[in-house]
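Q: Okay, handing you the structure first.
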Amino acid sequence: MYRAPRGTTDILPDEQVYWSFIRQKAYEISVLYGYRRVDTPAFEDAGLFVRSIGEDTDIVEKETYTFDDRSGDKLTLRPEGTASICRAYIEHGMHTLPQPVRLYYDAAIFRYERPQAGRYRQHHQYGVEALGEGDPALDAEVIDMAWQFYANLGLKGLSPILNSIGCSVCRPTYLNSLMEYYTKHRNAVCSDCRRRLERNPLRLLDCKKPSCVPLTEQAPRSTDHLCPDCSDHFSRLSSYLRLLNLPFVTNHRLVRGLDYYTKTVFEIAPEREESAQATVGAGGRYDDLIEQLGGRPTPGIGFATGIERLILNMKKQKIIVPQSAEPFVFVAHISQQAKDEAMKLASLLRRSGISVIPSLGDRSLKAQLKQANSMGANKAVIIGEDEAKSGTVVLRDMAKGEQNIVPRDVVVETLRKTYHRFVLVENRITCAIMKVG
RNA sequence: GUGGGCGUAGCCUAGUGGUUAAGGCACCAGGUUGUGGCCCUGGAGAUCGAGGGUUCGAAUCCCUCCGCUCACCCCA
């Protein structure tokens, strides 16, 4: 038997209410903050991600889905969203647009990892990128936008965590003092940390092992080693966030797993983290990235949020999403002649913008109504031999359990009048047709 | 890649050495004429994750593999 590949999942109809709700809120807030949608390919030239995320990061080293296509091109399924957006910015000459260019995306992300609660090999991220402006006010905008987005979803108890990891000017000296410090304590740290010391010193700060935590507390802080530019940026960002009443906290141990970040990094996570993969969203500034990818020097800042984790948190907080159960009519029939009439009527109703589920097969009326009931039909149209002969139908209200006989040629009108929500469906369809026309 | 927990019908669960593996939900059909929700009756649906071993006898004990799950690493 075939199953969905490891770490992937089917999003079944009952789950879709969360997805459409979250996406609707994401699109709303994007418009509100002036961001426009970009869709990029699910795969890119493998080199793009090596260049942007960094050769020595876990993502590139062991988590990418990379393959050669039939022409021998080396491609990678995107393991994050930012690199593709930057590539598109360069490729389409967006530096000629008014800066910053505000973009958003909603895309599937692929990482080869061991699946776990809130972690998948294919997951989905909604993210925004603002390119071409280095003003900390823009950092504040992005963080504020993320914060408002979560508030609009009804999520509570989240906290933005902020840090600055400096830039190409000041980070090297900071890393030196960090490595100096840890080299001195080399024998006191765990084996993971000794490996981090070689590969990715910033991550040393992130170790949660009780034996290492005291050392991380006393370790040199990036914010104490910022150059005047970065230091100024960080303090101005902080004051903008206070201005906007964002209840952020700073944490000198917050680092990120991608090499391209400069200055601002942030995460938004539940305050009391029960399970491990609690972070719902994260982002930061990447002022050197576009230049690294071959564009002219262009600062940028972005943010991404994992939709699966949002749903996880929404369920945990028992947030009820609006159920938009579309009303529909069930069309039942008794006898072959009646079935012909039922098929014709179902088609007519659908063309008139009314949702219809026709009964299939030749089952007893009882069985048909039972199905209509369990499917949640609002109305049932019943056509039997008598109705087929006399050109009428039985129109039954499923909730009230009342019914009456209606001439067939007024069924559409009657349904419109007695059930105004159907008209909404019709309007929507009409609007779509007008746009196309 | 490392470690823990768990695999009995579509879903949830009982059964821990002894007849044809039990129940609930869901599904299908009936409960006299063409009417749903409640109730009653019946039906279908499981090579007990797979393979091997121990035993007169294995869902049950042992081994291997696979899958799911949680955690570490890392990340949304």
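Residues in the structure tokens are named by chain (A, B, ... in the order shown) and by number from 1 within that chain; ligands are numbered from 1 in the order shown.
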Counting only C-alpha atoms (C1' of nucleotides), which residues of chain A sit at most 8 Å from some atom of chain B, and what is each one's closest atom pair with its distance in Å to one decimal, listed by chain and rising residue number, as CSV?

A:
residue,atom,partner,partner_atom,distance
A:Asp58,CA,B:C74,C1',6.6
A:Ile59,CA,B:C74,C1',8.0
A:Gln116,CA,B:C70,C1',6.9
A:Ala117,CA,B:C70,C1',7.5
A:Gln125,CA,B:A76,C1',6.8
A:Gly257,CA,B:C75,C1',7.6
A:Gln277,CA,B:C75,C1',7.8
A:Thr279,CA,B:A76,C1',6.9
A:Val280,CA,B:A76,C1',5.9
A:Gly281,CA,B:A76,C1',5.8
A:Ala282,CA,B:A76,C1',7.3
A:Ala304,CA,B:A76,C1',7.0
A:Thr305,CA,B:A76,C1',5.4
A:Gly306,CA,B:A76,C1',3.9
A:Ile307,CA,B:A76,C1',7.6
A:Arg309,CA,B:A76,C1',7.0
A:Ile334,CA,B:G34,C1',7.4
A:Leu365,CA,B:U35,C1',6.6
A:Lys366,CA,B:U35,C1',6.0
A:Leu369,CA,B:G36,C1',4.7
A:Lys370,CA,B:G36,C1',4.3
A:Gln371,CA,B:G36,C1',7.5
A:Ala372,CA,B:G36,C1',7.0
A:Asn373,CA,B:G36,C1',5.3
A:Gly384,CA,B:G34,C1',7.1
A:Met398,CA,B:G36,C1',7.7

Q: Can those selected residues be exported to a file as a PDB file, in the first residue's frame so that it contains C-alpha atoms?

A:
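Result file is result.pdb:
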ATOM      1  CA  ASP A  58      22.753  22.163   8.554  1.00  0.00           C
ATOM      2  CA  ILE A  59      20.109  23.090   6.011  1.00  0.00           C
ATOM      3  CA  GLN A 116       8.451  15.428  14.691  1.00  0.00           C
ATOM      4  CA  ALA A 117       5.648  17.436  16.276  1.00  0.00           C
ATOM      5  CA  GLN A 125       5.415  29.205   4.960  1.00  0.00           C
ATOM      6  CA  GLY A 257      20.651  29.004  11.345  1.00  0.00           C
ATOM      7  CA  GLN A 277       9.275  23.211  17.948  1.00  0.00           C
ATOM      8  CA  THR A 279       8.667  29.004  17.313  1.00  0.00           C
ATOM      9  CA  VAL A 280       5.904  30.067  14.959  1.00  0.00           C
ATOM     10  CA  GLY A 281       7.773  32.695  13.027  1.00  0.00           C
ATOM     11  CA  ALA A 282      11.218  34.151  12.549  1.00  0.00           C
ATOM     12  CA  ALA A 304       8.459  33.876   7.589  1.00  0.00           C
ATOM     13  CA  THR A 305       5.925  31.873   9.525  1.00  0.00           C
ATOM     14  CA  GLY A 306       5.157  28.163   9.370  1.00  0.00           C
ATOM     15  CA  ILE A 307       1.513  27.537   8.670  1.00  0.00           C
ATOM     16  CA  ARG A 309       2.837  25.496  13.430  1.00  0.00           C
ATOM     17  CA  ILE A 334     -37.454   7.598  -7.306  1.00  0.00           C
ATOM     18  CA  LEU A 365     -35.695   7.378  -0.864  1.00  0.00           C
ATOM     19  CA  LYS A 366     -34.955   6.663   2.767  1.00  0.00           C
ATOM     20  CA  LEU A 369     -32.489  11.348   2.492  1.00  0.00           C
ATOM     21  CA  LYS A 370     -30.238   9.742   5.038  1.00  0.00           C
ATOM     22  CA  GLN A 371     -27.307  10.628   2.866  1.00  0.00           C
ATOM     23  CA  ALA A 372     -28.615  14.176   2.355  1.00  0.00           C
ATOM     24  CA  ASN A 373     -28.878  14.531   6.100  1.00  0.00           C
ATOM     25  CA  GLY A 384     -40.815  10.701  -7.791  1.00  0.00           C
ATOM     26  CA  MET A 398     -33.944  19.511   5.948  1.00  0.00           C
TER      27      MET A 398
END

Q: At a cut-off of 6 Å, using only C-alpha atoms (C1' of nucleotides), what residues contact range 337-348 of chain A? Leave out same-chain residues fewer than 2 positions from it and give the result as JSON, numbers by chain.

A: {"A": [333, 334, 335, 350, 351, 383, 384, 385, 388]}

Q: With N, CA and C atoms retained, write the just-selected residues as a PDB file, in the first residue's frame.

A:
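Below you can see selection-v7.pdb, which holds the result:
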ATOM      1  N   HIS A 333     -34.346  11.140  -6.131  1.00  0.00           N
ATOM      2  CA  HIS A 333     -35.263  10.692  -7.176  1.00  0.00           C
ATOM      3  C   HIS A 333     -35.715   9.260  -6.940  1.00  0.00           C
ATOM      4  N   ILE A 334     -36.930   8.962  -7.393  1.00  0.00           N
ATOM      5  CA  ILE A 334     -37.454   7.598  -7.306  1.00  0.00           C
ATOM      6  C   ILE A 334     -37.955   7.232  -8.701  1.00  0.00           C
ATOM      7  N   SER A 335     -37.497   6.180  -9.242  1.00  0.00           N
ATOM      8  CA  SER A 335     -37.800   5.663 -10.587  1.00  0.00           C
ATOM      9  C   SER A 335     -36.858   6.250 -11.636  1.00  0.00           C
ATOM     10  N   ARG A 350     -27.352  24.189 -10.932  1.00  0.00           N
ATOM     11  CA  ARG A 350     -25.925  24.529 -10.900  1.00  0.00           C
ATOM     12  C   ARG A 350     -25.626  25.684 -11.848  1.00  0.00           C
ATOM     13  N   ARG A 351     -26.253  25.662 -13.008  1.00  0.00           N
ATOM     14  CA  ARG A 351     -26.043  26.767 -13.942  1.00  0.00           C
ATOM     15  C   ARG A 351     -26.608  28.068 -13.401  1.00  0.00           C
ATOM     16  N   ILE A 383     -37.898  14.096  -6.497  1.00  0.00           N
ATOM     17  CA  ILE A 383     -38.709  13.861  -7.684  1.00  0.00           C
ATOM     18  C   ILE A 383     -39.054  12.374  -7.752  1.00  0.00           C
ATOM     19  N   GLY A 384     -40.351  12.080  -7.655  1.00  0.00           N
ATOM     20  CA  GLY A 384     -40.815  10.701  -7.791  1.00  0.00           C
ATOM     21  C   GLY A 384     -41.594  10.559  -9.080  1.00  0.00           C
ATOM     22  N   GLU A 385     -42.239   9.436  -9.223  1.00  0.00           N
ATOM     23  CA  GLU A 385     -42.997   9.226 -10.466  1.00  0.00           C
ATOM     24  C   GLU A 385     -44.097  10.258 -10.626  1.00  0.00           C
ATOM     25  N   ALA A 388     -42.633  13.573 -11.620  1.00  0.00           N
ATOM     26  CA  ALA A 388     -42.120  13.528 -12.989  1.00  0.00           C
ATOM     27  C   ALA A 388     -43.260  13.706 -13.985  1.00  0.00           C
TER      28      ALA A 388
END

Q: Can you work out which one of B:A58, B:A46, B:C65, B:C39 has the shortest atom-to-atom distance to G18 in chain B, counting only C-alpha atoms (C1' of nucleotides)?

A: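 Comparing B:A58, B:A46, B:C65, B:C39 against G18 in chain B, the winner is B:A58.
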
Q: Hey, what does DSSP flag as alpha helix (DSSP H) within range 178-413 of chain A? Can you give it to me as a PyMOL selection string?

A: chain A and resi 178-184+191-199+213-218+228-243+289-292+307-316+336-351+365-375+385-390+411-413

Q: Need the shell around range 311-325 of chain A: protein/DNA/RNA residues with any atom at most 12 Å away, counting only C-alpha atoms (C1' of nucleotides). Skip same-chain ones fewer than 2 positions apart. Format as a PDB file with N, CA and C atoms (P, O5', C5', C4', C3', O3' and C1' of nucleotides), in the first residue's frame?

A:
ATOM      1  N   ILE A  11      -3.607  17.209   3.461  1.00  0.00           N
ATOM      2  CA  ILE A  11      -4.449  18.186   4.141  1.00  0.00           C
ATOM      3  C   ILE A  11      -5.877  17.932   3.683  1.00  0.00           C
ATOM      4  N   PRO A  13     -10.146  17.684   3.604  1.00  0.00           N
ATOM      5  CA  PRO A  13     -11.156  18.751   3.570  1.00  0.00           C
ATOM      6  C   PRO A  13     -11.478  19.360   4.939  1.00  0.00           C
ATOM      7  N   ASP A  14     -11.577  18.531   5.968  1.00  0.00           N
ATOM      8  CA  ASP A  14     -11.932  19.078   7.278  1.00  0.00           C
ATOM      9  C   ASP A  14     -10.847  20.005   7.829  1.00  0.00           C
ATOM     10  N   GLU A  15      -9.608  19.807   7.413  1.00  0.00           N
ATOM     11  CA  GLU A  15      -8.512  20.654   7.888  1.00  0.00           C
ATOM     12  C   GLU A  15      -8.460  21.990   7.127  1.00  0.00           C
ATOM     13  N   GLN A  16      -9.064  21.992   5.939  1.00  0.00           N
ATOM     14  CA  GLN A  16      -8.892  23.143   5.049  1.00  0.00           C
ATOM     15  C   GLN A  16      -9.439  24.437   5.632  1.00  0.00           C
ATOM     16  N   VAL A  17     -10.356  24.352   6.596  1.00  0.00           N
ATOM     17  CA  VAL A  17     -10.889  25.590   7.174  1.00  0.00           C
ATOM     18  C   VAL A  17      -9.763  26.405   7.799  1.00  0.00           C
ATOM     19  N   TYR A  18      -8.817  25.730   8.441  1.00  0.00           N
ATOM     20  CA  TYR A  18      -7.686  26.446   9.034  1.00  0.00           C
ATOM     21  C   TYR A  18      -6.846  27.109   7.945  1.00  0.00           C
ATOM     22  N   TRP A  19      -6.599  26.336   6.900  1.00  0.00           N
ATOM     23  CA  TRP A  19      -5.719  26.837   5.840  1.00  0.00           C
ATOM     24  C   TRP A  19      -6.310  28.046   5.139  1.00  0.00           C
ATOM     25  N   SER A  20      -7.582  27.971   4.812  1.00  0.00           N
ATOM     26  CA  SER A  20      -8.155  29.102   4.085  1.00  0.00           C
ATOM     27  C   SER A  20      -8.283  30.315   5.007  1.00  0.00           C
ATOM     28  N   PHE A  21      -8.548  30.050   6.272  1.00  0.00           N
ATOM     29  CA  PHE A  21      -8.635  31.168   7.231  1.00  0.00           C
ATOM     30  C   PHE A  21      -7.277  31.866   7.361  1.00  0.00           C
ATOM     31  N   ILE A  22      -6.239  31.082   7.569  1.00  0.00           N
ATOM     32  CA  ILE A  22      -4.904  31.659   7.751  1.00  0.00           C
ATOM     33  C   ILE A  22      -4.454  32.388   6.485  1.00  0.00           C
ATOM     34  N   ARG A  23      -4.689  31.774   5.347  1.00  0.00           N
ATOM     35  CA  ARG A  23      -4.263  32.422   4.103  1.00  0.00           C
ATOM     36  C   ARG A  23      -5.024  33.708   3.865  1.00  0.00           C
ATOM     37  N   GLN A  24      -6.301  33.681   4.175  1.00  0.00           N
ATOM     38  CA  GLN A  24      -7.085  34.907   3.999  1.00  0.00           C
ATOM     39  C   GLN A  24      -6.518  36.021   4.877  1.00  0.00           C
ATOM     40  N   LYS A  25      -6.214  35.691   6.129  1.00  0.00           N
ATOM     41  CA  LYS A  25      -5.641  36.695   7.036  1.00  0.00           C
ATOM     42  C   LYS A  25      -4.262  37.149   6.550  1.00  0.00           C
ATOM     43  N   ALA A 117       6.785  16.542  16.080  1.00  0.00           N
ATOM     44  CA  ALA A 117       5.648  17.436  16.276  1.00  0.00           C
ATOM     45  C   ALA A 117       5.996  18.814  15.720  1.00  0.00           C
ATOM     46  N   GLY A 118       5.157  19.330  14.817  1.00  0.00           N
ATOM     47  CA  GLY A 118       5.401  20.664  14.268  1.00  0.00           C
ATOM     48  C   GLY A 118       6.567  20.728  13.312  1.00  0.00           C
ATOM     49  N   ARG A 119       7.007  19.583  12.817  1.00  0.00           N
ATOM     50  CA  ARG A 119       8.102  19.615  11.847  1.00  0.00           C
ATOM     51  C   ARG A 119       7.879  18.573  10.754  1.00  0.00           C
ATOM     52  N   HIS A 123       6.606  21.514   4.401  1.00  0.00           N
ATOM     53  CA  HIS A 123       5.679  22.344   5.161  1.00  0.00           C
ATOM     54  C   HIS A 123       5.442  23.621   4.379  1.00  0.00           C
ATOM     55  N   HIS A 124       4.662  24.525   4.949  1.00  0.00           N
ATOM     56  CA  HIS A 124       4.268  25.713   4.199  1.00  0.00           C
ATOM     57  C   HIS A 124       4.577  26.972   4.987  1.00  0.00           C
ATOM     58  N   GLN A 125       5.099  27.941   4.307  1.00  0.00           N
ATOM     59  CA  GLN A 125       5.415  29.205   4.960  1.00  0.00           C
ATOM     60  C   GLN A 125       4.757  30.367   4.238  1.00  0.00           C
ATOM     61  N   TYR A 150      -0.492  37.659  13.818  1.00  0.00           N
ATOM     62  CA  TYR A 150      -0.824  36.675  14.849  1.00  0.00           C
ATOM     63  C   TYR A 150      -2.035  37.121  15.672  1.00  0.00           C
ATOM     64  N   ALA A 151      -2.077  38.402  15.944  1.00  0.00           N
ATOM     65  CA  ALA A 151      -3.217  38.920  16.701  1.00  0.00           C
ATOM     66  C   ALA A 151      -4.508  38.700  15.918  1.00  0.00           C
ATOM     67  N   ASN A 152      -4.461  38.921  14.595  1.00  0.00           N
ATOM     68  CA  ASN A 152      -5.649  38.736  13.768  1.00  0.00           C
ATOM     69  C   ASN A 152      -6.094  37.277  13.710  1.00  0.00           C
ATOM     70  N   LEU A 153      -5.147  36.383  13.899  1.00  0.00           N
ATOM     71  CA  LEU A 153      -5.511  34.962  13.924  1.00  0.00           C
ATOM     72  C   LEU A 153      -6.117  34.569  15.269  1.00  0.00           C
ATOM     73  N   GLY A 154      -5.974  35.445  16.250  1.00  0.00           N
ATOM     74  CA  GLY A 154      -6.509  35.144  17.567  1.00  0.00           C
ATOM     75  C   GLY A 154      -5.510  34.463  18.482  1.00  0.00           C
ATOM     76  N   LEU A 155      -4.240  34.408  18.075  1.00  0.00           N
ATOM     77  CA  LEU A 155      -3.231  33.764  18.912  1.00  0.00           C
ATOM     78  C   LEU A 155      -2.846  34.670  20.072  1.00  0.00           C
ATOM     79  N   LYS A 156      -2.691  34.039  21.226  1.00  0.00           N
ATOM     80  CA  LYS A 156      -2.317  34.792  22.420  1.00  0.00           C
ATOM     81  C   LYS A 156      -1.056  34.215  23.039  1.00  0.00           C
ATOM     82  N   GLY A 157      -0.435  34.977  23.934  1.00  0.00           N
ATOM     83  CA  GLY A 157       0.709  34.465  24.674  1.00  0.00           C
ATOM     84  C   GLY A 157       1.972  34.352  23.862  1.00  0.00           C
ATOM     85  N   LEU A 158       2.048  35.069  22.748  1.00  0.00           N
ATOM     86  CA  LEU A 158       3.259  35.048  21.944  1.00  0.00           C
ATOM     87  C   LEU A 158       4.173  36.190  22.371  1.00  0.00           C
ATOM     88  N   ALA A 269       7.652  33.362  19.458  1.00  0.00           N
ATOM     89  CA  ALA A 269       7.389  32.041  20.027  1.00  0.00           C
ATOM     90  C   ALA A 269       6.420  32.171  21.193  1.00  0.00           C
ATOM     91  N   PRO A 270       5.716  31.080  21.499  1.00  0.00           N
ATOM     92  CA  PRO A 270       4.855  31.085  22.681  1.00  0.00           C
ATOM     93  C   PRO A 270       5.709  31.318  23.934  1.00  0.00           C
ATOM     94  N   GLU A 271       5.173  32.063  24.886  1.00  0.00           N
ATOM     95  CA  GLU A 271       5.959  32.420  26.063  1.00  0.00           C
ATOM     96  C   GLU A 271       6.382  31.203  26.866  1.00  0.00           C
ATOM     97  N   GLU A 273       7.010  27.610  26.490  1.00  0.00           N
ATOM     98  CA  GLU A 273       7.177  26.623  25.429  1.00  0.00           C
ATOM     99  C   GLU A 273       7.053  25.221  26.001  1.00  0.00           C
ATOM    100  N   GLU A 274       6.017  24.511  25.591  1.00  0.00           N
ATOM    101  CA  GLU A 274       5.785  23.163  26.097  1.00  0.00           C
ATOM    102  C   GLU A 274       6.491  22.136  25.220  1.00  0.00           C
ATOM    103  N   SER A 275       6.271  22.247  23.933  1.00  0.00           N
ATOM    104  CA  SER A 275       6.939  21.300  23.043  1.00  0.00           C
ATOM    105  C   SER A 275       8.116  21.994  22.382  1.00  0.00           C
ATOM    106  N   GLN A 277       9.342  22.337  19.129  1.00  0.00           N
ATOM    107  CA  GLN A 277       9.275  23.211  17.948  1.00  0.00           C
ATOM    108  C   GLN A 277       8.206  24.265  18.147  1.00  0.00           C
ATOM    109  N   ALA A 278       8.460  25.194  19.058  1.00  0.00           N
ATOM    110  CA  ALA A 278       7.423  26.132  19.443  1.00  0.00           C
ATOM    111  C   ALA A 278       7.424  27.375  18.564  1.00  0.00           C
ATOM    112  N   THR A 279       8.564  27.762  18.068  1.00  0.00           N
ATOM    113  CA  THR A 279       8.667  29.004  17.313  1.00  0.00           C
ATOM    114  C   THR A 279       7.707  29.000  16.126  1.00  0.00           C
ATOM    115  N   VAL A 280       6.854  30.026  16.065  1.00  0.00           N
ATOM    116  CA  VAL A 280       5.904  30.067  14.959  1.00  0.00           C
ATOM    117  C   VAL A 280       6.424  30.908  13.800  1.00  0.00           C
ATOM    118  N   GLY A 281       7.289  31.851  14.101  1.00  0.00           N
ATOM    119  CA  GLY A 281       7.773  32.695  13.027  1.00  0.00           C
ATOM    120  C   GLY A 281       9.133  33.274  13.356  1.00  0.00           C
ATOM    121  N   THR A 305       6.647  32.589   8.482  1.00  0.00           N
ATOM    122  CA  THR A 305       5.925  31.873   9.525  1.00  0.00           C
ATOM    123  C   THR A 305       5.452  30.535   8.980  1.00  0.00           C
ATOM    124  N   GLY A 306       5.553  29.502   9.797  1.00  0.00           N
ATOM    125  CA  GLY A 306       5.157  28.163   9.370  1.00  0.00           C
ATOM    126  C   GLY A 306       3.677  27.938   9.614  1.00  0.00           C
ATOM    127  N   ILE A 307       2.969  27.645   8.548  1.00  0.00           N
ATOM    128  CA  ILE A 307       1.513  27.537   8.670  1.00  0.00           C
ATOM    129  C   ILE A 307       1.116  26.334   9.524  1.00  0.00           C
ATOM    130  N   GLU A 308       1.806  25.214   9.362  1.00  0.00           N
ATOM    131  CA  GLU A 308       1.497  24.049  10.191  1.00  0.00           C
ATOM    132  C   GLU A 308       1.637  24.380  11.682  1.00  0.00           C
ATOM    133  N   ARG A 309       2.646  25.138  12.012  1.00  0.00           N
ATOM    134  CA  ARG A 309       2.837  25.496  13.430  1.00  0.00           C
ATOM    135  C   ARG A 309       1.788  26.473  13.915  1.00  0.00           C
ATOM    136  N   PRO A 327     -23.968  26.311   1.669  1.00  0.00           N
ATOM    137  CA  PRO A 327     -25.265  25.636   1.609  1.00  0.00           C
ATOM    138  C   PRO A 327     -25.434  24.915   0.281  1.00  0.00           C
ATOM    139  N   PHE A 328     -26.152  23.813   0.314  1.00  0.00           N
ATOM    140  CA  PHE A 328     -26.404  23.121  -0.948  1.00  0.00           C
ATOM    141  C   PHE A 328     -27.710  22.342  -0.918  1.00  0.00           C
ATOM    142  N   SER A 355     -25.592  25.488  -5.422  1.00  0.00           N
ATOM    143  CA  SER A 355     -24.812  24.273  -5.218  1.00  0.00           C
ATOM    144  C   SER A 355     -25.730  23.060  -5.111  1.00  0.00           C
ATOM    145  N   MET A 375     -24.749  14.466   4.946  1.00  0.00           N
ATOM    146  CA  MET A 375     -23.869  15.372   4.221  1.00  0.00           C
ATOM    147  C   MET A 375     -24.117  16.828   4.592  1.00  0.00           C
ATOM    148  N   GLY A 376     -25.237  17.078   5.260  1.00  0.00           N
ATOM    149  CA  GLY A 376     -25.517  18.436   5.698  1.00  0.00           C
ATOM    150  C   GLY A 376     -26.270  19.281   4.686  1.00  0.00           C
ATOM    151  N   ALA A 377     -27.072  18.644   3.862  1.00  0.00           N
ATOM    152  CA  ALA A 377     -27.859  19.409   2.878  1.00  0.00           C
ATOM    153  C   ALA A 377     -28.843  20.336   3.591  1.00  0.00           C
ATOM    154  N   ASN A 378     -29.022  21.529   3.032  1.00  0.00           N
ATOM    155  CA  ASN A 378     -29.974  22.463   3.610  1.00  0.00           C
ATOM    156  C   ASN A 378     -31.375  22.197   3.081  1.00  0.00           C
ATOM    157  N   ARG A 421     -28.844  32.948   0.966  1.00  0.00           N
ATOM    158  CA  ARG A 421     -27.403  32.689   0.893  1.00  0.00           C
ATOM    159  C   ARG A 421     -26.995  32.104  -0.452  1.00  0.00           C
ATOM    160  N   PHE A 422     -27.961  31.442  -1.099  1.00  0.00           N
ATOM    161  CA  PHE A 422     -27.656  30.916  -2.424  1.00  0.00           C
ATOM    162  C   PHE A 422     -27.321  32.034  -3.388  1.00  0.00           C
ATOM    163  N   VAL A 425     -23.745  32.960  -3.474  1.00  0.00           N
ATOM    164  CA  VAL A 425     -22.959  32.084  -4.334  1.00  0.00           C
ATOM    165  C   VAL A 425     -23.089  32.548  -5.776  1.00  0.00           C
TER     166      VAL A 425
ATOM    167  P     A B  76      13.994  28.875  10.350  1.00  0.00           P
ATOM    168  O5'   A B  76      12.419  28.670  10.351  1.00  0.00           O
ATOM    169  C5'   A B  76      11.584  29.804  10.209  1.00  0.00           C
ATOM    170  C4'   A B  76      10.201  29.432  10.718  1.00  0.00           C
ATOM    171  C3'   A B  76      10.230  28.747  12.067  1.00  0.00           C
ATOM    172  O3'   A B  76      10.201  29.707  13.100  1.00  0.00           O
ATOM    173  C1'   A B  76       8.872  27.524  10.543  1.00  0.00           C
TER     174        A B  76
END

Q: Determine, counting only C-alpha atoms (C1' of nucleotides), which protein, DNA and RNA residues have an atom within 10 Å of an atom of C48 in chain B; residues of the same chain fewer than 3 positions away are not included. Present the result as a list of chain:residue names.

A: B:G7, B:U8, B:A21, B:A59, B:U60

Q: Write the residues you've just listed into a file as a short mmCIF file (atom, residue, chain, number, x, y, z; two decimals), in the first residue's frame, and include N, CA, C and O atoms (P, O5', C5', C4', C3', O3' and C1' of nucleotides) for each of them.

A:
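For reference, part.cif as written:
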data_model
loop_
_atom_site.label_atom_id
_atom_site.label_comp_id
_atom_site.auth_asym_id
_atom_site.auth_seq_id
_atom_site.Cartn_x
_atom_site.Cartn_y
_atom_site.Cartn_z
P G B 7 0.98 -1.12 20.86
"O5'" G B 7 0.53 -0.63 19.42
"C5'" G B 7 0.41 -1.53 18.37
"C4'" G B 7 0.14 -0.79 17.09
"C3'" G B 7 -0.26 -1.73 15.96
"O3'" G B 7 -1.04 -1.09 14.99
"C1'" G B 7 1.91 -0.82 15.56
P U B 8 -2.57 -0.99 15.18
"O5'" U B 8 -3.09 -2.48 15.42
"C5'" U B 8 -2.93 -3.47 14.39
"C4'" U B 8 -3.96 -4.54 14.52
"C3'" U B 8 -5.41 -4.10 14.32
"O3'" U B 8 -5.75 -4.03 12.94
"C1'" U B 8 -5.26 -5.45 16.25
P A B 21 -10.67 -16.27 14.44
"O5'" A B 21 -11.61 -15.27 15.25
"C5'" A B 21 -11.74 -15.41 16.65
"C4'" A B 21 -11.35 -14.11 17.34
"C3'" A B 21 -12.11 -12.87 16.84
"O3'" A B 21 -13.37 -12.78 17.45
"C1'" A B 21 -9.80 -12.39 17.04
P A B 59 -1.80 -15.86 16.25
"O5'" A B 59 -1.93 -14.27 16.38
"C5'" A B 59 -0.99 -13.42 15.74
"C4'" A B 59 -0.88 -12.12 16.47
"C3'" A B 59 -0.11 -12.20 17.79
"O3'" A B 59 1.26 -11.97 17.58
"C1'" A B 59 -2.19 -11.10 18.13
P U B 60 2.35 -12.74 18.39
"O5'" U B 60 2.00 -12.44 19.92
"C5'" U B 60 2.22 -11.15 20.48
"C4'" U B 60 1.68 -11.12 21.89
"C3'" U B 60 2.48 -11.98 22.87
"O3'" U B 60 2.69 -11.28 24.07
"C1'" U B 60 0.20 -12.65 22.84
#

Q: So which bits of range 110-290 of chain A end up strand (DSSP E) when you DSSP the backbone, as an NGL selection string?

A: :A and (110 or 122-131 or 158-164 or 249-250 or 262-270 or 281-285)

Q: Write out as a list in words which residues come within 10 Å of range 214-219 of chain A when counting only C-alpha atoms (C1' of nucleotides), dropping same-chain ones fewer than 2 positions away.

A: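 In the requested form, the answer reads Ser177, Leu178, Met179, Tyr181, Tyr182, His185, Ala188, Val189, Leu204, Leu205, Asp206, Cys207, Lys208, Lys209, Pro210, Ser211, Cys212, Arg221, Ser222, His252 and Arg253 of chain A.
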
Q: So what do you get for CA of Glu133 in chain A versus CA of Tyr286 in chain A, distance-wise?

A: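 Straight-line distance from CA of Glu133 in chain A to CA of Tyr286 in chain A works out to 10.8 Å.
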
Q: Taking only C-alpha atoms (C1' of nucleotides) into account, name the residue in B:G17, B:C27, B:C11, B:U2 that is nearest to C56 in chain B.

A: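 Closest to C56 in chain B of all the choices is B:G17.
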
Q: Mind pulling up the distance from CA of Tyr261 in chain A to CA of Ser191 in chain A?

A: 26.3 Å

Q: Fewer than 4 positions away in the same chain doesn't count, so skip those; otherwise give me all residues within 8 Å of range 60-65 of chain A, counting only C-alpha atoms (C1' of nucleotides), as a ChimeraX atom specification.

A: /A:49-50,53-56,76-79,110-113
